[in-house]
Amino acid sequence: MAFLGSAVRRIRAEVSEQLGLYARMRSRLDGTRAAILMYHRVLPDERALELAVEPGMYVTPETFARHLDWLCERFCVLSLGELANRLEAGAPLPLQSCAITFDDGWRDNWQYVLPALRRRSLPATVFVVAERMDSLGAFWPDEVSRRFRALEPEQQRSLAACFGLEKARNPAQETLARFKGYSEEQRDEALARMREFTKNLDLPQERELMTWQEADQMAAGGVEIESHGLTHALMTGFPPDRLERELRESRRILREHGHGLRGFLAYPNGNHDRSVRTLARECGYGLAVTTERGLAHAETPRMALPRLGLHQDISGSRAEFHRIVPGSGLHRGRPGPPRRPTNRSRRRS
Ligand SMILES: [Zn+2]
């Protein structure tokens, strides 16, 4: 069914592209708005399968390279820093402006993204989880998926039943959804139960997140390293002191390592509310990005800039990419934007 869904999506995007239905969206990137692209992991399909990475979390290195080539043809890729400066100053943006961002600080960003960006002299921003730098493994949702995947179907059902999901049709997905609704303490307790239930599994942990040294290399290659919180805990619903620790400590640790120079923040899972935004400002952040879909313009609140999320199952073909990123397609119904970014616009800030 999933395959059928993605095939239908691809065909629909192709037909719309041919009919020029996306061309009108191009005019929206007219020098007053910019697209902030959001990626997570960049991994070959077989590695994603091996690590039980959800389709919504990665693009393959080949797809990513194609995205960059399409961007180079039609877009002016700015660093998020330069984009922020222009929005702040009310200065016009180049036509078809965009910035490229990555969440979480995956090691694969260093492995695949850095060389691809360098080859094309493109800037980007990576939002890292300060306390998880240099650590083994990934995040708790990855652990849940991997533990389920290593079990036989009958054991999967028994494990889901430990969390009140006796009738789960998809034990892994439904348990994951249940865990997302837990408080931090409840989730820690549930994870401990899950580890006990699956203690006989051999699940070797490898380093999937970046080291500080890799972050330094990315920064030297023109990538801004900014904050995605201290632990990747969702920032809404915390008491103020816990929230302040997430915001202040992550900023302090980043700066101690020579990063976080711009004071940018990406809310984990995109979760934010008025108290999160206010405290983030008080802690020294001047710009924050969300996971809400949209384009950024001068009037967009700086602490809630929307992004356009990209992942393999929705952006493998050019027509699909165009459906998400307006103005990146081949349709010639409107005057085209600049073919290449200017030196000035490619300058890193
Ligand atoms: Zn994240």
# chains A, B, ... in the order shown; residues from 1 in each chain; ligands from 1
>>> residues_around(residues="Pro171 (chain A)", least_positions_apart="2", cutoff="9 Å", atoms="only C-alpha atoms", output="short mmCIF file (atom, residue, chain, number, x, y, z; two decimals) with N, CA and C atoms, in the first residue's frame")
data_model
loop_
_atom_site.label_atom_id
_atom_site.label_comp_id
_atom_site.auth_asym_id
_atom_site.auth_seq_id
_atom_site.Cartn_x
_atom_site.Cartn_y
_atom_site.Cartn_z
N PHE A 148 11.65 -3.36 18.17
CA PHE A 148 10.50 -4.06 17.59
C PHE A 148 10.91 -4.88 16.38
N PRO A 153 6.89 -11.56 15.02
CA PRO A 153 5.58 -10.89 15.12
C PRO A 153 4.85 -11.18 16.44
N GLN A 156 6.39 -9.19 19.10
CA GLN A 156 6.06 -7.76 18.90
C GLN A 156 4.71 -7.44 19.53
N ARG A 157 3.77 -8.36 19.33
CA ARG A 157 2.43 -8.14 19.91
C ARG A 157 2.50 -8.17 21.43
N SER A 158 3.32 -9.09 21.98
CA SER A 158 3.46 -9.18 23.44
C SER A 158 4.09 -7.90 24.00
N LEU A 159 5.08 -7.37 23.26
CA LEU A 159 5.74 -6.14 23.73
C LEU A 159 4.76 -4.97 23.73
N ALA A 160 3.98 -4.86 22.64
CA ALA A 160 3.00 -3.76 22.58
C ALA A 160 1.98 -3.90 23.71
N ALA A 161 1.65 -5.15 24.05
CA ALA A 161 0.67 -5.38 25.12
C ALA A 161 1.19 -4.87 26.47
N LEU A 165 -1.43 -2.06 24.58
CA LEU A 165 -1.84 -2.11 23.17
C LEU A 165 -2.04 -3.57 22.73
N GLU A 166 -2.91 -4.27 23.44
CA GLU A 166 -3.14 -5.70 23.16
C GLU A 166 -3.66 -5.92 21.75
N LYS A 167 -4.41 -4.96 21.22
CA LYS A 167 -5.05 -5.17 19.92
C LYS A 167 -4.34 -4.42 18.79
N ALA A 168 -3.08 -4.07 19.00
CA ALA A 168 -2.36 -3.27 18.00
C ALA A 168 -2.25 -4.01 16.66
N ARG A 169 -2.62 -3.33 15.58
CA ARG A 169 -2.46 -3.93 14.24
C ARG A 169 -1.02 -3.72 13.77
N GLN A 173 4.48 0.87 15.32
CA GLN A 173 3.97 2.23 15.08
C GLN A 173 3.08 2.70 16.23
N GLU A 174 2.23 1.79 16.69
CA GLU A 174 1.28 2.21 17.73
C GLU A 174 1.98 2.42 19.07
N THR A 175 3.01 1.62 19.34
CA THR A 175 3.77 1.82 20.58
C THR A 175 4.53 3.14 20.52
N LEU A 176 5.10 3.41 19.36
CA LEU A 176 5.82 4.67 19.16
C LEU A 176 4.88 5.86 19.41
#
>>> residues_around(residues="region 242-251 of chain A", least_positions_apart="6", cutoff="8 Å", atoms="only C-alpha atoms", output="PyMOL selection string")
chain A and resi 129-131+227-231+233+235+260+263+276+279-280+283
>>> write_last_selection(atoms="N, CA and C atoms", output="JSON list (two decimals), in the first residue's frame")
[["chain", "number", "residue", "atom", "x", "y", "z"],
["A", 129, "VAL", "N", 22.08, 18.49, 18.72],
["A", 129, "VAL", "CA", 21.59, 18.29, 20.09],
["A", 129, "VAL", "C", 22.83, 18.25, 20.99],
["A", 130, "ALA", "N", 23.03, 19.33, 21.76],
["A", 130, "ALA", "CA", 24.32, 19.56, 22.42],
["A", 130, "ALA", "C", 24.79, 18.37, 23.26],
["A", 131, "GLU", "N", 23.90, 17.80, 24.06],
["A", 131, "GLU", "CA", 24.33, 16.74, 24.97],
["A", 131, "GLU", "C", 24.54, 15.40, 24.27],
["A", 227, "SER", "N", 21.71, 25.36, 17.46],
["A", 227, "SER", "CA", 21.11, 24.54, 18.53],
["A", 227, "SER", "C", 19.78, 23.87, 18.17],
["A", 228, "HIS", "N", 19.70, 22.60, 18.59],
["A", 228, "HIS", "CA", 18.44, 21.84, 18.49],
["A", 228, "HIS", "C", 18.08, 21.35, 19.89],
["A", 229, "GLY", "N", 18.48, 22.17, 20.89],
["A", 229, "GLY", "CA", 18.19, 21.83, 22.28],
["A", 229, "GLY", "C", 19.32, 21.04, 22.92],
["A", 230, "LEU", "N", 19.12, 20.74, 24.19],
["A", 230, "LEU", "CA", 20.15, 20.05, 24.96],
["A", 230, "LEU", "C", 20.04, 18.53, 24.80],
["A", 231, "THR", "N", 18.79, 18.02, 24.89],
["A", 231, "THR", "CA", 18.59, 16.56, 24.89],
["A", 231, "THR", "C", 17.63, 16.08, 23.81],
["A", 233, "ALA", "N", 14.54, 16.87, 23.97],
["A", 233, "ALA", "CA", 13.23, 16.81, 24.61],
["A", 233, "ALA", "C", 12.32, 17.86, 23.98],
["A", 235, "MET", "N", 9.95, 20.88, 23.76],
["A", 235, "MET", "CA", 10.08, 22.02, 24.67],
["A", 235, "MET", "C", 8.76, 22.49, 25.26],
["A", 260, "GLY", "N", 27.32, 27.69, 17.50],
["A", 260, "GLY", "CA", 26.17, 28.46, 17.99],
["A", 260, "GLY", "C", 26.39, 29.96, 17.89],
["A", 263, "GLY", "N", 23.20, 32.15, 17.18],
["A", 263, "GLY", "CA", 22.07, 32.15, 18.13],
["A", 263, "GLY", "C", 20.79, 31.69, 17.47],
["A", 276, "VAL", "N", 7.78, 29.14, 25.25],
["A", 276, "VAL", "CA", 9.05, 28.64, 24.69],
["A", 276, "VAL", "C", 9.73, 29.75, 23.90],
["A", 279, "LEU", "N", 11.08, 32.56, 26.29],
["A", 279, "LEU", "CA", 12.26, 32.16, 27.05],
["A", 279, "LEU", "C", 13.47, 31.97, 26.11],
["A", 280, "ALA", "N", 13.21, 31.47, 24.92],
["A", 280, "ALA", "CA", 14.31, 31.30, 23.96],
["A", 280, "ALA", "C", 14.96, 32.65, 23.66],
["A", 283, "CYS", "N", 17.06, 33.72, 26.50],
["A", 283, "CYS", "CA", 18.30, 32.93, 26.59],
["A", 283, "CYS", "C", 19.29, 33.28, 25.48]]
>>> atom_distance(atom1="CA of Trp212 (chain A)", atom2="CA of Arg252 (chain A)")
14.2 Å
>>> residues_near_ligand(ligand="ligand 1", cutoff="6 Å", atoms="only C-alpha atoms and all ligand atoms", output="NGL selection string")
:A and (103-104 or 268-269)
>>> select_by_dssp(residues="region 245-316 of chain A", states="alpha helix (DSSP H)", output="PDB file with C-alpha atoms, in the first residue's frame")
ATOM      1  CA  ARG A 245      18.080  24.316  31.013  1.00  0.00           C
ATOM      2  CA  GLU A 246      17.332  22.970  27.502  1.00  0.00           C
ATOM      3  CA  LEU A 247      17.750  26.415  25.994  1.00  0.00           C
ATOM      4  CA  ARG A 248      20.546  27.929  28.047  1.00  0.00           C
ATOM      5  CA  GLU A 249      22.747  24.867  28.486  1.00  0.00           C
ATOM      6  CA  SER A 250      22.628  23.898  24.817  1.00  0.00           C
ATOM      7  CA  ARG A 251      23.663  27.417  23.866  1.00  0.00           C
ATOM      8  CA  ARG A 252      26.450  27.445  26.465  1.00  0.00           C
ATOM      9  CA  ILE A 253      27.847  24.064  25.346  1.00  0.00           C
ATOM     10  CA  LEU A 254      27.729  25.004  21.681  1.00  0.00           C
ATOM     11  CA  ARG A 255      29.524  28.273  22.300  1.00  0.00           C
ATOM     12  CA  GLU A 256      32.101  26.547  24.477  1.00  0.00           C
ATOM     13  CA  ARG A 274       4.513  31.505  23.455  1.00  0.00           C
ATOM     14  CA  SER A 275       6.445  30.648  26.654  1.00  0.00           C
ATOM     15  CA  VAL A 276       9.050  28.638  24.694  1.00  0.00           C
ATOM     16  CA  ARG A 277       9.547  31.486  22.212  1.00  0.00           C
ATOM     17  CA  THR A 278       9.780  34.112  24.964  1.00  0.00           C
ATOM     18  CA  LEU A 279      12.265  32.157  27.047  1.00  0.00           C
ATOM     19  CA  ALA A 280      14.308  31.303  23.956  1.00  0.00           C
ATOM     20  CA  ARG A 281      14.689  35.025  23.261  1.00  0.00           C
ATOM     21  CA  GLU A 282      15.666  35.656  26.875  1.00  0.00           C
ATOM     22  CA  GLN A 312      13.003  10.434   0.163  1.00  0.00           C
ATOM     23  CA  ASP A 313       9.441   9.150  -0.181  1.00  0.00           C
ATOM     24  CA  ILE A 314       8.048  12.531  -1.247  1.00  0.00           C
ATOM     25  CA  SER A 315      10.882  14.175  -3.169  1.00  0.00           C
TER      26      SER A 315
END
>>> closest_residue(among="A:Leu310, A:Leu136, A:Ala190, A:Cys72", to="Val59 (chain A)", atoms="only C-alpha atoms")
A:Leu310
>>> closest_residue(among="A:Arg120, A:Arg149, A:His67, A:Arg86", to="Arg33 (chain A)", atoms="only C-alpha atoms")
A:Arg86
>>> residues_around(residues="Leu83 (chain A)", least_positions_apart="3", cutoff="12 Å", atoms="only C-alpha atoms", output="PyMOL selection string")
chain A and resi 31-36+76-80+86-94+97-100+123-125+262+287+296-298+302+305+345-349
>>> select_by_dssp(residues="region 175-255 of chain A", states="strand (DSSP E)", output="mmCIF file with C-alpha atoms, in the first residue's frame")
data_model
loop_
_atom_site.group_PDB
_atom_site.id
_atom_site.type_symbol
_atom_site.label_atom_id
_atom_site.label_comp_id
_atom_site.auth_asym_id
_atom_site.auth_seq_id
_atom_site.Cartn_x
_atom_site.Cartn_y
_atom_site.Cartn_z
ATOM 1 C CA VAL A 223 28.097 25.028 7.633
ATOM 2 C CA GLU A 224 26.593 26.917 10.571
ATOM 3 C CA ILE A 225 26.301 24.657 13.637
ATOM 4 C CA GLU A 226 23.368 25.819 15.755
ATOM 5 C CA SER A 227 21.109 24.541 18.534
#
>>> residues_around(residues="Arg66 (chain A)", least_positions_apart="3", cutoff="9 Å", atoms="only C-alpha atoms", output="NGL selection string")
:A and (61-63 or 69-71 or 316-318)
>>> write_last_selection(atoms="N, CA and C atoms", output="PDB file, in the first residue's frame")
ATOM      1  N   PRO A  61      21.913   9.804  -0.650  1.00  0.00           N
ATOM      2  CA  PRO A  61      22.925  10.754  -1.137  1.00  0.00           C
ATOM      3  C   PRO A  61      22.670  11.152  -2.595  1.00  0.00           C
ATOM      4  N   GLU A  62      22.155  10.204  -3.402  1.00  0.00           N
ATOM      5  CA  GLU A  62      21.891  10.503  -4.823  1.00  0.00           C
ATOM      6  C   GLU A  62      20.750  11.517  -4.951  1.00  0.00           C
ATOM      7  N   THR A  63      19.689  11.292  -4.187  1.00  0.00           N
ATOM      8  CA  THR A  63      18.563  12.238  -4.233  1.00  0.00           C
ATOM      9  C   THR A  63      19.014  13.609  -3.742  1.00  0.00           C
ATOM     10  N   ASP A  69      21.593  20.013  -7.236  1.00  0.00           N
ATOM     11  CA  ASP A  69      21.768  20.423  -8.636  1.00  0.00           C
ATOM     12  C   ASP A  69      20.561  21.230  -9.120  1.00  0.00           C
ATOM     13  N   TRP A  70      19.358  20.785  -8.752  1.00  0.00           N
ATOM     14  CA  TRP A  70      18.162  21.537  -9.146  1.00  0.00           C
ATOM     15  C   TRP A  70      18.170  22.913  -8.493  1.00  0.00           C
ATOM     16  N   LEU A  71      18.601  22.978  -7.237  1.00  0.00           N
ATOM     17  CA  LEU A  71      18.672  24.281  -6.556  1.00  0.00           C
ATOM     18  C   LEU A  71      19.687  25.192  -7.244  1.00  0.00           C
ATOM     19  N   GLY A 316      11.687  12.257  -4.459  1.00  0.00           N
ATOM     20  CA  GLY A 316      12.665  11.544  -5.274  1.00  0.00           C
ATOM     21  C   GLY A 316      12.743  12.047  -6.702  1.00  0.00           C
ATOM     22  N   SER A 317      11.607  12.479  -7.263  1.00  0.00           N
ATOM     23  CA  SER A 317      11.618  12.948  -8.654  1.00  0.00           C
ATOM     24  C   SER A 317      11.585  14.475  -8.673  1.00  0.00           C
ATOM     25  N   ARG A 318      11.937  15.025  -9.827  1.00  0.00           N
ATOM     26  CA  ARG A 318      11.955  16.493  -9.923  1.00  0.00           C
ATOM     27  C   ARG A 318      10.554  17.080  -9.750  1.00  0.00           C
TER      28      ARG A 318
END
